[in-house]
Protein chains: 2
Amino acid sequence: MKESAGRKQSGVSPCAACKLLRRRCSQDCVFAPYFPADDPHKFASVHKVFGASNVNKMLQELPEQWRGDAVNSMVYEANARVRDPVYGCVGAISSLQQQIDLLQTQLAIAQAEMVHMRIRHFSPMSAAADNTAMDSSENAYDV
Amino acid sequence: MKESAGRKQSGVSPCAACKLLRRRCSQDCVFAPYFPADDPHKFASVHKVFGASNVNKMLQELPEQWRGDAVNSMVYEANARVRDPVYGCVGAISSLQQQIDLLQTQLAIAQAEMVHMRIRHFSPMSAAADNTAMDSSENAYDV
């Protein structure tokens, strides 16, 4: 019999998923390691957005070592969709993309300004201007 | 009778959702305006990830003017989950967040470098150093 990693099996209390679905929580319940009875909201949100059957299917298709991460990302996505039923996670992606565009613009401006400052202080033109100034001061001494 | 916006109703062919679900596509089908028969993959991915019943429920809960955006964001999320069954959209969010951290660091470095350049060229210390240089050149002429 397969024993799922991290499962707290009291022998009597069903996991949050089986409790919500009103079904018997078996020893090899695919939900039990990730949806403990003391955190009912975690399953409630993925159930509302993805549906228990789809979550079950998606978990079954993954090797056990990836299921914890998959559940966490589904919970994150589901909570985002509950908070923002129109854009969900995609709203966050769009906002992050806008931040990236702004930062890239600010960085390009800063880098251009630095290049400009360097050119002003270290260019041959700038050195020539310095020499001209020096020449005229020498001439002043000649006079 | 409600006529859904943007629906191409041929009178015979069901929308992509009703075709996949093998059901009659009614005049007020909630899926039809967003899942045309000629793009079956669009519905297939949201069906696989969210389930037809959840997509239906989510759309019904939204005013019609938001449904198009909601469908597009669900299709985006579903495609991300199909491509990356472990992280889905959250993988993209994590990657964008890393890009933002990197850009913020690069911008902070560039801004600190600019402040440093300005201080070096316009500080009283720098002016004093220039005056000292001028004084010693004057002394040289005195000699």
# chains A, B, ... in the order shown; residues from 1 in each chain; ligands from 1

call {"tool": "interface_residues", "arguments": {"of": "chain A", "to": "chain B", "cutoff": "9 Å", "atoms": "only C-alpha atoms", "output": "PyMOL selection string"}}
result
chain A and resi 48-51+53-55+58+61-62+66-74+76-77+85-93+96-97+99-100+103-104+106-108+110-111+113-114+117-118+121

call {"tool": "residues_around", "arguments": {"residues": "Ser26 (chain A)", "least_positions_apart": "4", "cutoff": "9 Å", "atoms": "only C-alpha atoms", "output": "ChimeraX atom specification"}}
result
/A:14,30,32

call {"tool": "write_last_selection", "arguments": {"atoms": "N, CA and C atoms", "output": "compact mmCIF listing (two decimals), in the first residue's frame"}}
result
# COMPACT_ATOMS: atom_id res chain seq x y z
N PRO A 14 -11.16 12.95 8.36
CA PRO A 14 -10.85 13.04 6.93
C PRO A 14 -10.08 14.33 6.63
N VAL A 30 -5.37 11.08 -2.54
CA VAL A 30 -4.38 11.93 -3.23
C VAL A 30 -4.36 13.35 -2.65
N ALA A 32 -5.06 14.19 0.71
CA ALA A 32 -4.75 14.25 2.14
C ALA A 32 -3.38 14.85 2.49

call {"tool": "closest_residue", "arguments": {"among": "A:Ser13, A:Asn56, A:Arg22, A:Arg83", "to": "Pro36 (chain A)", "atoms": "only C-alpha atoms"}}
result
A:Ser13

call {"tool": "atom_distance", "arguments": {"atom1": "CA of Phe35 (chain A)", "atom2": "CA of Asn79 (chain A)"}}
result
14.9 Å

call {"tool": "select_by_dssp", "arguments": {"residues": "region 33-83 of chain B", "states": "helix (DSSP H, G or I)", "output": "PyMOL selection string"}}
result
chain B and resi 40-49+52-60+64-83

call {"tool": "atom_distance", "arguments": {"atom1": "CA of Val75 (chain B)", "atom2": "CA of Gln60 (chain B)"}}
result
16.7 Å

call {"tool": "atom_distance", "arguments": {"atom1": "CA of Ala16 (chain B)", "atom2": "CA of Lys42 (chain B)"}}
result
8.2 Å
